[in-house]
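Next comes structure15.txt, a file with compact mmCIF, C-alpha atoms and all ligand atoms.
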```txt
# COMPACT_ATOMS: atom_id res chain seq x y z
CA MET A 1 22.04 -10.50 -106.01
CA PRO A 2 18.35 -9.69 -106.71
CA ASP A 3 17.50 -6.08 -107.67
CA LEU A 4 15.25 -4.49 -105.09
CA ILE A 5 12.93 -1.52 -105.10
CA PRO A 6 11.26 -1.07 -101.68
CA LYS A 7 7.49 -0.64 -101.81
CA PRO A 8 5.15 0.87 -99.22
CA ARG A 9 3.34 -1.54 -96.93
CA ALA A 10 -0.02 -2.79 -98.24
CA SER A 11 -2.89 -1.09 -96.43
CA ALA A 12 -5.14 -3.09 -94.14
CA ALA A 13 -8.57 -4.38 -95.19
CA ALA A 14 -11.59 -2.09 -95.15
CA PRO A 15 -13.43 -1.44 -91.85
CA GLY A 16 -15.83 -4.20 -90.96
CA SER A 17 -14.18 -6.90 -93.01
CA SER A 18 -11.49 -9.17 -91.75
CA GLY A 19 -9.55 -10.77 -94.58
CA ALA A 20 -5.96 -9.87 -95.27
CA ILE A 21 -5.10 -8.64 -98.77
CA GLY A 22 -5.75 -11.43 -101.26
CA GLU A 23 -7.45 -13.60 -98.62
CA PRO A 24 -11.06 -14.69 -98.19
CA ALA A 25 -12.94 -12.22 -96.01
CA GLY A 26 -12.84 -14.34 -92.86
CA THR A 27 -15.16 -13.77 -89.91
CA THR A 28 -17.29 -10.67 -90.39
CA HIS A 29 -16.97 -8.27 -87.46
CA LEU A 30 -17.09 -4.66 -86.38
CA TYR A 31 -13.80 -4.47 -84.46
CA GLY A 32 -12.28 -2.36 -87.22
CA SER A 33 -9.75 -2.74 -89.99
CA ARG A 34 -6.87 -3.61 -87.67
CA VAL A 35 -8.45 -6.96 -86.78
CA HIS A 36 -8.44 -10.02 -89.06
CA ILE A 37 -10.11 -13.22 -87.89
CA ALA A 38 -9.42 -16.15 -90.22
CA GLY A 39 -12.57 -18.11 -89.37
CA ASP A 40 -12.21 -20.35 -92.45
CA PRO A 41 -13.29 -24.00 -92.22
CA TRP A 42 -9.74 -25.42 -92.13
CA THR A 43 -8.68 -23.10 -89.30
CA ALA A 44 -11.95 -23.74 -87.47
CA SER A 45 -11.44 -27.52 -87.72
CA ALA A 46 -7.84 -27.28 -86.57
CA LEU A 47 -8.73 -25.13 -83.56
CA ALA A 48 -11.76 -27.30 -82.71
CA LYS A 49 -9.46 -30.31 -82.57
CA LEU A 50 -6.86 -28.42 -80.53
CA SER A 51 -9.52 -27.28 -78.04
CA ALA A 52 -10.81 -30.77 -77.25
CA PRO A 53 -9.49 -32.89 -74.35
CA THR A 54 -8.97 -35.77 -76.79
CA CYS A 55 -6.23 -33.85 -78.66
CA THR A 56 -2.90 -35.55 -78.00
CA HIS A 57 0.26 -33.59 -77.26
CA THR A 58 1.72 -34.48 -80.65
CA GLU A 59 -1.42 -33.23 -82.40
CA LEU A 60 -1.51 -30.10 -80.27
CA VAL A 61 2.03 -29.10 -81.22
CA ALA A 62 1.40 -29.85 -84.90
CA ILE A 63 -1.82 -27.79 -84.91
CA VAL A 64 -0.22 -24.86 -83.09
CA ARG A 65 2.55 -24.86 -85.69
CA ALA A 66 0.14 -25.17 -88.63
CA VAL A 67 -2.32 -22.49 -87.52
CA SER A 68 0.54 -20.15 -86.55
CA THR A 69 1.90 -20.63 -90.07
CA ARG A 70 -1.49 -19.90 -91.60
CA LEU A 71 -1.95 -16.69 -89.57
CA ALA A 72 1.62 -15.57 -90.07
CA THR A 73 1.56 -15.87 -93.85
CA ALA A 74 -1.71 -13.89 -93.97
CA ALA A 75 -0.09 -11.21 -91.82
CA PHE A 76 3.15 -11.18 -93.81
CA ALA A 77 1.19 -10.43 -97.00
CA ALA A 78 -0.24 -7.21 -95.59
CA GLU A 79 2.19 -6.12 -92.91
CA LEU A 80 5.76 -6.79 -94.03
CA PRO A 81 7.43 -4.27 -96.36
CA ALA A 82 7.75 -5.48 -99.94
CA ALA A 83 10.32 -4.75 -102.61
CA THR A 84 10.23 -5.29 -106.36
CA THR A 85 12.64 -8.12 -106.94
CA SER A 86 14.22 -9.89 -109.90
CA VAL A 87 16.04 -13.19 -109.93
CA ARG A 88 17.71 -15.16 -112.72
CA THR A 89 16.06 -18.61 -112.74
CA ARG A 90 17.52 -21.94 -113.87
CA MET A 91 15.69 -21.45 -117.17
CA ALA A 92 17.96 -18.51 -118.04
CA ASP A 93 20.61 -20.99 -119.21
CA LYS A 94 18.20 -22.26 -121.90
CA HIS A 95 16.24 -19.09 -122.78
CA GLY A 96 18.63 -16.28 -121.86
CA ALA A 97 18.45 -13.72 -119.05
CA ALA A 98 15.61 -11.66 -120.57
CA LEU A 99 13.12 -14.56 -120.63
CA GLY A 100 14.60 -16.52 -117.75
CA THR A 101 14.40 -13.75 -115.17
CA TRP A 102 11.51 -13.61 -112.70
CA ARG A 103 10.40 -10.12 -111.63
CA GLY A 104 7.79 -9.34 -109.02
CA ASP A 105 7.03 -8.14 -105.52
CA ALA A 106 8.64 -10.03 -102.67
CA LEU A 107 9.53 -9.26 -99.07
CA ASP A 108 12.09 -6.49 -98.61
CA PRO A 109 15.21 -8.30 -97.35
CA ALA A 110 16.56 -5.08 -95.80
CA ALA A 111 13.54 -4.53 -93.53
CA MET A 112 14.10 -5.68 -89.95
CA THR A 113 11.62 -8.09 -88.35
CA VAL A 114 11.76 -9.08 -84.69
CA VAL A 115 9.74 -12.05 -83.42
CA ILE A 116 8.94 -12.09 -79.71
CA ASP A 117 8.72 -15.40 -77.87
CA VAL A 118 6.53 -14.98 -74.80
CA ILE A 119 7.58 -17.90 -72.61
CA ARG A 120 5.92 -20.37 -72.23
CA GLY A 121 2.87 -20.47 -74.50
CA GLY A 122 4.55 -18.41 -77.21
CA MET A 123 7.64 -20.58 -77.59
CA ILE A 124 6.46 -22.91 -80.36
CA PRO A 125 4.47 -20.26 -82.30
CA ALA A 126 7.40 -17.82 -82.15
CA GLN A 127 9.92 -20.45 -83.28
CA THR A 128 7.54 -21.42 -86.10
CA VAL A 129 7.12 -17.83 -87.30
CA PHE A 130 10.86 -17.17 -87.05
CA GLU A 131 11.65 -20.28 -89.12
CA LEU A 132 9.13 -19.21 -91.78
CA LEU A 133 10.95 -15.90 -92.08
CA THR A 134 14.44 -17.45 -92.10
CA LEU A 135 13.36 -19.49 -95.13
CA VAL A 136 13.09 -16.37 -97.27
CA LEU A 137 14.89 -13.46 -95.60
CA PRO A 138 18.54 -12.89 -94.68
CA ILE A 139 19.28 -13.76 -91.06
CA GLU A 140 20.79 -10.27 -90.59
CA SER A 141 17.26 -8.83 -90.90
CA LEU A 142 15.70 -11.21 -88.36
CA ARG A 143 15.75 -11.77 -84.65
CA LEU A 144 13.96 -14.07 -82.20
CA ASP A 145 13.84 -12.45 -78.76
CA HIS A 146 12.51 -13.92 -75.51
CA LEU A 147 10.44 -12.60 -72.62
CA ASN A 148 9.77 -14.74 -69.57
CA MET A 149 6.26 -13.75 -68.51
CA GLN A 150 3.58 -14.99 -66.17
CA ARG A 151 0.04 -13.90 -65.34
CA VAL A 152 -0.38 -13.21 -61.63
CA PRO A 153 -3.92 -13.61 -60.26
CA GLY A 154 -5.33 -11.36 -57.56
CA GLU A 155 -7.49 -12.55 -54.66
CA ASP A 156 -10.60 -12.54 -56.86
CA GLY A 157 -8.96 -14.93 -59.35
CA HIS A 158 -8.68 -12.41 -62.16
CA VAL A 159 -5.32 -11.43 -63.61
CA GLU A 160 -4.00 -8.63 -61.38
CA ARG A 161 -0.69 -8.06 -63.13
CA VAL A 162 1.77 -9.73 -65.47
CA GLU A 163 5.19 -10.52 -64.12
CA LEU A 164 8.21 -10.16 -66.39
CA SER A 165 10.95 -12.15 -64.68
CA GLY A 166 13.60 -12.14 -67.39
CA SER A 167 14.30 -11.31 -71.00
CA LYS A 168 16.79 -11.94 -73.75
CA VAL A 169 16.44 -9.22 -76.35
CA GLY A 170 19.24 -8.95 -78.89
CA GLY A 171 19.11 -5.21 -79.59
CA SER A 172 17.00 -2.35 -80.91
CA ILE A 173 13.49 -2.77 -82.27
CA GLU A 174 13.50 0.77 -83.73
CA GLY A 175 11.74 0.82 -87.12
CA ALA A 176 11.27 -2.97 -87.13
CA THR A 177 8.14 -5.02 -87.64
CA LEU A 178 7.46 -6.59 -84.27
CA ILE A 179 5.62 -9.94 -84.35
CA LEU A 180 4.10 -11.41 -81.18
CA PRO A 181 2.72 -14.91 -81.82
CA ASP A 182 1.42 -15.65 -78.29
CA PRO A 183 -1.31 -18.30 -78.90
CA MET A 184 -4.10 -17.31 -76.47
CA GLY A 185 -5.39 -13.72 -76.72
CA ALA A 186 -7.24 -13.62 -73.38
CA THR A 187 -7.01 -10.30 -71.47
CA GLY A 188 -4.31 -8.56 -73.52
CA ALA A 189 -2.39 -7.79 -70.32
CA THR A 190 0.61 -9.90 -71.33
CA MET A 191 0.88 -8.17 -74.70
CA VAL A 192 0.66 -4.71 -73.10
CA ARG A 193 3.31 -5.61 -70.51
CA ALA A 194 5.57 -6.98 -73.27
CA LEU A 195 5.19 -3.82 -75.35
CA GLU A 196 5.77 -1.52 -72.36
CA HIS A 197 9.03 -3.34 -71.66
CA LEU A 198 10.19 -3.32 -75.27
CA PHE A 199 9.29 0.36 -75.89
CA GLY A 200 10.98 1.38 -72.63
CA GLU A 201 14.26 -0.41 -73.36
CA TYR A 202 14.58 -1.05 -77.08
CA GLY A 203 12.86 1.68 -79.14
CA GLN A 204 9.77 2.11 -81.29
CA PRO A 205 8.80 -0.44 -83.97
CA ALA A 206 7.23 0.62 -87.28
CA SER A 207 4.43 -1.87 -86.83
CA ILE A 208 3.19 -4.46 -84.36
CA VAL A 209 1.58 -7.75 -85.40
CA MET A 210 -0.15 -10.12 -82.97
CA LEU A 211 -1.04 -13.69 -84.00
CA PRO A 212 -3.31 -15.25 -81.35
CA LEU A 213 -4.87 -18.56 -82.32
CA ILE A 214 -7.95 -17.70 -80.22
CA VAL A 215 -8.92 -14.18 -79.24
CA THR A 216 -11.52 -12.52 -76.99
CA PRO A 217 -13.30 -9.16 -77.35
CA GLU A 218 -11.53 -8.04 -74.16
CA PHE A 219 -8.11 -8.78 -75.69
CA LEU A 220 -8.97 -6.81 -78.81
CA ARG A 221 -10.16 -3.79 -76.81
CA THR A 222 -7.02 -3.76 -74.66
CA VAL A 223 -4.37 -4.16 -77.35
CA LEU A 224 -6.02 -1.91 -79.95
CA ASP A 225 -6.50 0.87 -77.40
CA PHE A 226 -2.92 0.50 -76.19
CA ASP A 227 -1.24 1.37 -79.47
CA ASP A 228 -2.42 2.47 -82.93
CA ARG A 229 0.24 0.36 -84.63
CA VAL A 230 -1.21 -2.93 -83.36
CA ARG A 231 -2.68 -5.31 -85.94
CA VAL A 232 -4.26 -8.61 -84.89
CA TYR A 233 -4.45 -11.75 -87.08
CA ALA A 234 -6.44 -14.32 -85.10
CA GLY A 235 -7.67 -17.80 -85.94
CA ARG A 236 -10.93 -17.72 -83.98
CA LEU A 237 -12.98 -15.31 -81.88
CA ASP A 238 -14.36 -16.70 -78.60
CA ARG A 239 -16.95 -14.65 -76.69
CA GLY A 240 -18.75 -17.46 -74.88
CA MET A 241 -19.51 -15.53 -71.67
CA SER A 242 -21.71 -13.05 -73.56
CA SER A 243 -25.52 -13.11 -73.30
CA GLN A 244 -27.55 -14.84 -76.03
CA GLU A 245 -28.82 -11.40 -77.09
CA VAL A 246 -25.29 -10.13 -77.60
CA LEU A 247 -24.20 -13.37 -79.33
CA ALA A 248 -27.03 -12.90 -81.83
CA GLU A 249 -25.33 -9.71 -83.06
CA VAL A 250 -22.36 -9.41 -85.41
CA PRO A 251 -19.15 -9.56 -83.32
CA GLY A 252 -18.21 -6.04 -82.30
CA ALA A 253 -21.74 -4.59 -82.63
CA ARG A 254 -22.07 -4.61 -78.81
CA TRP A 255 -18.37 -4.85 -78.03
CA ALA A 256 -18.61 -3.44 -74.48
CA GLU A 257 -21.16 -6.13 -73.56
CA GLU A 258 -19.21 -9.00 -75.13
CA SER A 259 -17.08 -11.30 -73.01
CA GLY A 260 -14.94 -14.34 -73.65
CA LEU A 261 -13.33 -14.61 -70.21
CA ASP A 262 -14.29 -16.60 -67.11
CA ASP A 263 -13.69 -15.74 -63.43
CA GLU A 264 -9.98 -16.67 -63.76
CA ASP A 265 -9.55 -14.90 -67.10
CA TYR A 266 -9.43 -18.12 -69.09
CA ILE A 267 -11.00 -18.06 -72.55
CA VAL A 268 -14.52 -19.52 -72.97
CA PRO A 269 -15.15 -21.77 -74.87
CA GLY A 270 -11.37 -21.59 -75.28
CA ALA A 271 -8.87 -24.42 -75.18
CA GLY A 272 -7.69 -24.51 -71.56
CA GLY A 273 -4.16 -23.64 -70.47
CA VAL A 274 -2.28 -23.96 -73.74
CA GLY A 275 1.13 -22.99 -72.31
CA GLU A 276 0.82 -25.75 -69.73
CA LEU A 277 -0.40 -28.28 -72.31
CA LEU A 278 2.36 -27.48 -74.81
CA ASN A 279 5.01 -28.01 -72.16
CA ASN A 280 3.16 -30.74 -70.24
CA SER A 281 4.19 -28.76 -67.15
CA TYR A 282 1.66 -27.24 -64.78
O1 LIG A 301 -7.67 -19.48 -71.75
C1 LIG A 301 -6.48 -19.20 -71.65
C2 LIG A 301 -6.01 -17.96 -71.20
C3 LIG A 301 -4.68 -17.74 -71.13
N1 LIG A 301 -3.81 -18.71 -71.48
C4 LIG A 301 -4.24 -19.92 -71.92
O2 LIG A 301 -3.45 -20.78 -72.24
N2 LIG A 301 -5.57 -20.13 -71.99
```
Would you encode the structure as structure tokens?
Amino acid sequence: MPDLIPKPRASAAAPGSSGAIGEPAGTTHLYGSRVHIAGDPWTASALAKLSAPTCTHTELVAIVRAVSTRLATAAFAAELPAATTSVRTRMADKHGAALGTWRGDALDPAAMTVVIDVIRGGMIPAQTVFELLTLVLPIESLRLDHLNMQRVPGEDGHVERVELSGSKVGGSIEGATLILPDPMGATGATMVRALEHLFGEYGQPASIVMLPLIVTPEFLRTVLDFDDRVRVYAGRLDRGMSSQEVLAEVPGARWAEESGLDDEDYIVPGAGGVGELLNNSY
């Protein structure tokens, strides 16, 4: 058994920057220290390919998995509790325990993490993030829970409410790290509805991590205002419905005037209906 000394969570990056601890700075913005936008060339290329109509289903699934992995590992570094760990390596047989023991900071295996699958778009990202965690943490400290959710448009085409028509949640979320890897951060209404349900029925998490592949300024405003514990690790910021004047400014400088949503609350430039595309079901 490894020896473990729990460590406090790493603090988030400084206001105005966006890189996670040990990461390149990412997209510069003024949305505050709770927002990290990867914005690196690899992520940008992957999301550009995903967004195009020429992207095949096979490529789409692979890219969703790969970018979710990239965002999740950045988030894990800063948001999951760590513990000082030691493990006897294979080299201990040759060099003895003193030399052949690795010591360092690793994830705290006792800290509970709950991944939320928001059906349908969140299914593959949530499964991906859960599998990443099961690689390195005991299954007793992990759960993958499911919420069946759907945006309901009003007469004007905008999202009027979010319907929660079923859930499978395996128990308390009290004190856990809650991870919501829903891929398209459009209005934020789905995330708020999910959190209201979970808080009402299953307790209060220690921290809340969202991993949208593409995010809008409206999403950020909604989820950050909803709860102080929310942290967002996004792949790309889309604010394509903003004026040229606003787009000329650093993201977040004129936040209230920025927009990345069309008249049906789809992201612009965006990637279309990713839940539908992933399932090839409309
Ligand atoms: O643009 C959007 C908005 C919500 N969900 C999607 O899949 N795409």
With all atoms listed in the file counted and 10 Å as the cut-off, give the residues of chain A in contact with ligand LIG 301 (chain A), each with its shortest interatomic distance in Å and the pair that gives it, as a Markdown table.
```
| residue | atom | partner | partner_atom | distance |
| --- | --- | --- | --- | --- |
| A:Arg120 | CA | A:LIG301 | O2 | 9.4 |
| A:Gly121 | CA | A:LIG301 | O2 | 6.7 |
| A:Gly122 | CA | A:LIG301 | O2 | 9.7 |
| A:Gln150 | CA | A:LIG301 | N1 | 9.8 |
| A:Arg151 | CA | A:LIG301 | C3 | 8.4 |
| A:Val159 | CA | A:LIG301 | C3 | 9.8 |
| A:Asp182 | CA | A:LIG301 | N1 | 9.1 |
| A:Pro183 | CA | A:LIG301 | O2 | 7.4 |
| A:Met184 | CA | A:LIG301 | N1 | 5.2 |
| A:Gly185 | CA | A:LIG301 | C3 | 6.9 |
| A:Ala186 | CA | A:LIG301 | C2 | 5.0 |
| A:Thr187 | CA | A:LIG301 | C2 | 7.7 |
| A:Gly188 | CA | A:LIG301 | C3 | 9.5 |
| A:Thr190 | CA | A:LIG301 | C3 | 9.5 |
| A:Ile214 | CA | A:LIG301 | O1 | 8.7 |
| A:Val215 | CA | A:LIG301 | O1 | 9.3 |
| A:Thr216 | CA | A:LIG301 | O1 | 9.5 |
| A:Asp238 | CA | A:LIG301 | O1 | 10.0 |
| A:Gly260 | CA | A:LIG301 | O1 | 9.1 |
| A:Leu261 | CA | A:LIG301 | O1 | 7.6 |
| A:Asp262 | CA | A:LIG301 | O1 | 8.6 |
| A:Glu264 | CA | A:LIG301 | C2 | 8.5 |
| A:Asp265 | CA | A:LIG301 | C2 | 6.2 |
| A:Tyr266 | CA | A:LIG301 | O1 | 3.5 |
| A:Ile267 | CA | A:LIG301 | O1 | 3.7 |
| A:Val268 | CA | A:LIG301 | O1 | 7.0 |
| A:Pro269 | CA | A:LIG301 | O1 | 8.4 |
| A:Gly270 | CA | A:LIG301 | O1 | 5.5 |
| A:Ala271 | CA | A:LIG301 | O1 | 6.1 |
| A:Gly272 | CA | A:LIG301 | N2 | 4.9 |
| A:Gly273 | CA | A:LIG301 | O2 | 3.4 |
| A:Val274 | CA | A:LIG301 | O2 | 3.7 |
| A:Gly275 | CA | A:LIG301 | O2 | 5.1 |
| A:Glu276 | CA | A:LIG301 | O2 | 7.0 |
| A:Leu277 | CA | A:LIG301 | O2 | 8.1 |
| A:Leu278 | CA | A:LIG301 | O2 | 9.2 |
```
Determine, counting all atoms listed in the file, which protein, DNA and RNA residues have an atom within 8 Å of an atom of Asn148 (chain A); residues of the same chain fewer than 4 positions away are not included. Present the result as an mmCIF file with C-alpha atoms, keeping the file's coordinate frame.
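result.cif written:
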```cif
data_model
loop_
_atom_site.group_PDB
_atom_site.id
_atom_site.type_symbol
_atom_site.label_atom_id
_atom_site.label_comp_id
_atom_site.auth_asym_id
_atom_site.auth_seq_id
_atom_site.Cartn_x
_atom_site.Cartn_y
_atom_site.Cartn_z
ATOM 1 C CA VAL A 118 6.530 -14.980 -74.800
ATOM 2 C CA ILE A 119 7.580 -17.900 -72.610
ATOM 3 C CA ARG A 120 5.920 -20.370 -72.230
ATOM 4 C CA LEU A 164 8.210 -10.160 -66.390
ATOM 5 C CA SER A 165 10.950 -12.150 -64.680
ATOM 6 C CA GLY A 166 13.600 -12.140 -67.390
ATOM 7 C CA SER A 167 14.300 -11.310 -71.000
#
```
- Shell around Leu142 (chain A) at 8 Å using only C-alpha atoms, local window under 5 positions removed, as a PyMOL selection string: chain A and resi 112-115+130+133-134+137
- Item | Residues within 12 Å of (2.5, -22.6, -87.5), file coords, all atoms listed in the file, listed as JSON, numbers by chain | {"A": [43, 46, 60, 61, 62, 63, 64, 65, 66, 67, 68, 69, 70, 71, 72, 73, 74, 122, 123, 124, 125, 126, 127, 128, 129, 130, 131, 132, 133, 181, 182, 183, 211, 212, 213, 235]}
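As for CA of Cys55 (chain A) and CA of Ala38 (chain A), they are spaced 21.4 Å apart.
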Box for region 183-188 of chain A - axis-aligned, 5 Å on each of the six sides, all listed atoms - centre and size in Å to one decimal, as lines of an AutoDock Vina configuration file.
```
center_x = -4.3
center_y = -13.4
center_z = -75.2
size_x = 15.9
size_y = 19.7
size_z = 17.4
```
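The interatomic distance for the pair CA of Glu163 (chain A) and CA of Met210 (chain A) works out to 19.6 Å.
The space separating CA of Trp102 (chain A) from CA of Ala78 (chain A) comes to 21.7 Å.
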- From the list A:Glu258, A:Asp117, A:Asp108, A:Glu160, which residue is nearest Asp145 (chain A) when using all atoms listed in the file? A:Asp117
Sorted by chain and rising residue number, which residues of region 124-193 of chain A lie within 7 Å of region 197-203 of chain A, and what are their closest atom pairs and distances in Å to one decimal, counting only C-alpha atoms, as JSON lines?
```
{"residue": "A:Gly171", "atom": "CA", "partner": "A:Tyr202", "partner_atom": "CA", "distance": 6.6}
{"residue": "A:Ser172", "atom": "CA", "partner": "A:Tyr202", "partner_atom": "CA", "distance": 4.7}
{"residue": "A:Ile173", "atom": "CA", "partner": "A:Gly203", "partner_atom": "CA", "distance": 5.5}
{"residue": "A:Glu174", "atom": "CA", "partner": "A:Gly203", "partner_atom": "CA", "distance": 4.7}
{"residue": "A:Arg193", "atom": "CA", "partner": "A:His197", "partner_atom": "CA", "distance": 6.3}
```
- Message: For Phe226 (chain A), find every residue with an atom within 10 Å (counting only C-alpha atoms), except residues of its own chain fewer than 6 positions away, and show them as a ChimeraX atom specification.
- Response: /A:188,191-192,195-196,220
- Query: If we count all atoms listed in the file, what is near Arg34 (chain A) at a cut-off of 7 Å, once residues fewer than 2 positions away on the same chain are taken out, given as a PyMOL selection string?
  - Reply: chain A and resi 12+32+36+231-232
Residue subset to file, keeping C-alpha atoms, as a CSV table (one decimal), in the frame of the given file:
```
chain,number,residue,atom,x,y,z
A,12,ALA,CA,-5.1,-3.1,-94.1
A,32,GLY,CA,-12.3,-2.4,-87.2
A,36,HIS,CA,-8.4,-10.0,-89.1
A,231,ARG,CA,-2.7,-5.3,-85.9
A,232,VAL,CA,-4.3,-8.6,-84.9
```
